[in-house]
Amino acid sequence: MGPDLTHLASRKMIAAESLPNTPGALAAWIIDPQRIKPGNKMAPNPLAPDDLQSLITYLQTLQ
Ligand code: HEM
């Protein structure tokens, strides 16, 4: 039910143009999307720091 993330790493912005596509912004979005864009349909994902780092590293490979 989420958007296509296939070319995520090639994009300048995420979350309907509301965030720059940087590792920090991506992490903030994944942990608590409602804080960034209230009312959107993505649930919070409270990941452990190591898991979050691994996920960001993976997402950055999606050119
Ligand atoms: C660790 C798991 C997840 C990751 C890495 C992730 C990643 C992302 C990213 C990067 C975006 C921004 C996409 C864009 O700009 O096009 C996004 C948006 C979104 N995600 Fe997730 N997501 C996760 C879990 C979920 C879950 C569990 C749901 C559904 C319950 C979900 C639903 C959505 C929706 C509906 C949006 C669009 C929000 C909007 O812009 O209004 N995501 N997700």
# chains A, B, ... in the order shown; residues from 1 in each chain; ligands from 1

$ residues_near_ligand --ligand "ligand 1" --cutoff "9 Å" --atoms "only C-alpha atoms and all ligand atoms" --output "PyMOL selection string"
chain A and resi 1-5+8+11+13-19+21+26-27+29-31+33+37-47+52+55-56+59

$ select_by_dssp --residues "chain A" --states "alpha helix (DSSP H)" --output "tab-separated table (two decimals) with C-alpha atoms, in the first residue's frame"
chain	number	residue	atom	x	y	z
A	23	PRO	CA	20.02	9.80	5.11
A	24	GLY	CA	18.89	11.84	8.14
A	25	ALA	CA	15.58	12.90	6.63
A	26	LEU	CA	14.92	9.36	5.45
A	27	ALA	CA	15.60	8.02	8.95
A	28	ALA	CA	13.30	10.61	10.55
A	29	TRP	CA	10.57	9.73	8.06
A	30	ILE	CA	10.83	5.96	8.64
A	31	ILE	CA	10.84	6.25	12.45
A	33	PRO	CA	6.24	9.65	9.39
A	34	GLN	CA	3.32	11.29	11.20
A	35	ARG	CA	5.59	13.87	12.80
A	36	ILE	CA	6.86	14.92	9.36
A	49	PRO	CA	19.54	2.10	15.57
A	50	ASP	CA	21.57	-0.65	13.88
A	51	ASP	CA	18.55	-1.89	11.93
A	52	LEU	CA	17.65	1.64	10.88
A	53	GLN	CA	21.22	2.23	9.68
A	54	SER	CA	21.17	-1.02	7.68
A	55	LEU	CA	17.83	-0.07	6.13
A	56	ILE	CA	19.06	3.40	5.13
A	57	THR	CA	22.19	1.85	3.60
A	58	TYR	CA	19.99	-0.51	1.58
A	59	LEU	CA	17.57	2.22	0.48

$ select_by_dssp --residues "chain A" --states "strand (DSSP E or B)" --output "list in words"
Met13, Ile14, Leu19 and Pro20 of chain A

$ decode --residues "segment 16-45 of chain A" --atoms "N, CA and C atoms" --output "short mmCIF file (atom, residue, chain, number, x, y, z; two decimals), in the first residue's frame"
data_model
loop_
_atom_site.label_atom_id
_atom_site.label_comp_id
_atom_site.auth_asym_id
_atom_site.auth_seq_id
_atom_site.Cartn_x
_atom_site.Cartn_y
_atom_site.Cartn_z
N ALA A 16 6.13 13.03 -0.89
CA ALA A 16 5.37 14.01 -1.65
C ALA A 16 6.06 15.39 -1.63
N GLU A 17 7.37 15.37 -1.94
CA GLU A 17 8.17 16.61 -2.07
C GLU A 17 8.32 17.37 -0.76
N SER A 18 8.04 16.74 0.38
CA SER A 18 8.12 17.51 1.63
C SER A 18 9.47 17.36 2.32
N LEU A 19 10.31 16.43 1.89
CA LEU A 19 11.60 16.20 2.56
C LEU A 19 12.71 16.04 1.54
N PRO A 20 13.92 16.59 1.83
CA PRO A 20 15.06 16.29 0.98
C PRO A 20 15.45 14.82 1.17
N ASN A 21 15.94 14.19 0.13
CA ASN A 21 16.29 12.77 0.20
C ASN A 21 17.71 12.59 0.75
N THR A 22 17.84 12.87 2.06
CA THR A 22 19.14 12.68 2.74
C THR A 22 18.99 11.53 3.72
N PRO A 23 20.13 10.91 4.16
CA PRO A 23 20.02 9.80 5.11
C PRO A 23 19.27 10.20 6.39
N GLY A 24 19.54 11.41 6.91
CA GLY A 24 18.89 11.84 8.14
C GLY A 24 17.40 12.04 7.98
N ALA A 25 17.00 12.66 6.87
CA ALA A 25 15.58 12.90 6.63
C ALA A 25 14.84 11.58 6.41
N LEU A 26 15.50 10.68 5.70
CA LEU A 26 14.92 9.36 5.45
C LEU A 26 14.70 8.63 6.78
N ALA A 27 15.70 8.69 7.65
CA ALA A 27 15.60 8.02 8.95
C ALA A 27 14.45 8.63 9.77
N ALA A 28 14.36 9.95 9.79
CA ALA A 28 13.30 10.61 10.55
C ALA A 28 11.93 10.21 10.02
N TRP A 29 11.83 10.11 8.69
CA TRP A 29 10.57 9.73 8.06
C TRP A 29 10.18 8.30 8.44
N ILE A 30 11.12 7.38 8.37
CA ILE A 30 10.83 5.96 8.64
C ILE A 30 10.43 5.76 10.10
N ILE A 31 11.13 6.40 11.01
CA ILE A 31 10.84 6.25 12.45
C ILE A 31 9.46 6.81 12.79
N ASP A 32 9.15 8.01 12.28
CA ASP A 32 7.90 8.66 12.68
C ASP A 32 7.31 9.53 11.56
N PRO A 33 6.75 8.89 10.54
CA PRO A 33 6.24 9.65 9.39
C PRO A 33 5.16 10.67 9.77
N GLN A 34 4.41 10.38 10.83
CA GLN A 34 3.32 11.29 11.20
C GLN A 34 3.82 12.63 11.73
N ARG A 35 5.03 12.62 12.30
CA ARG A 35 5.59 13.87 12.80
C ARG A 35 5.97 14.79 11.63
N ILE A 36 6.41 14.15 10.52
CA ILE A 36 6.86 14.92 9.36
C ILE A 36 5.67 15.40 8.53
N LYS A 37 4.73 14.51 8.32
CA LYS A 37 3.59 14.85 7.46
C LYS A 37 2.32 14.26 8.08
N PRO A 38 1.72 14.98 9.04
CA PRO A 38 0.56 14.45 9.76
C PRO A 38 -0.55 14.03 8.82
N GLY A 39 -1.16 12.88 9.12
CA GLY A 39 -2.30 12.42 8.33
C GLY A 39 -1.93 11.49 7.20
N ASN A 40 -0.62 11.30 6.92
CA ASN A 40 -0.28 10.37 5.83
C ASN A 40 -0.53 8.93 6.29
N LYS A 41 -0.52 7.99 5.33
CA LYS A 41 -0.96 6.63 5.63
C LYS A 41 0.16 5.69 6.03
N MET A 42 1.35 6.20 6.31
CA MET A 42 2.44 5.32 6.72
C MET A 42 2.52 5.25 8.25
N ALA A 43 2.62 4.01 8.74
CA ALA A 43 2.68 3.78 10.19
C ALA A 43 4.09 4.05 10.70
N PRO A 44 4.24 4.34 12.01
CA PRO A 44 5.57 4.49 12.58
C PRO A 44 6.34 3.17 12.54
N ASN A 45 7.66 3.23 12.40
CA ASN A 45 8.51 2.03 12.37
C ASN A 45 9.66 2.21 13.35
#
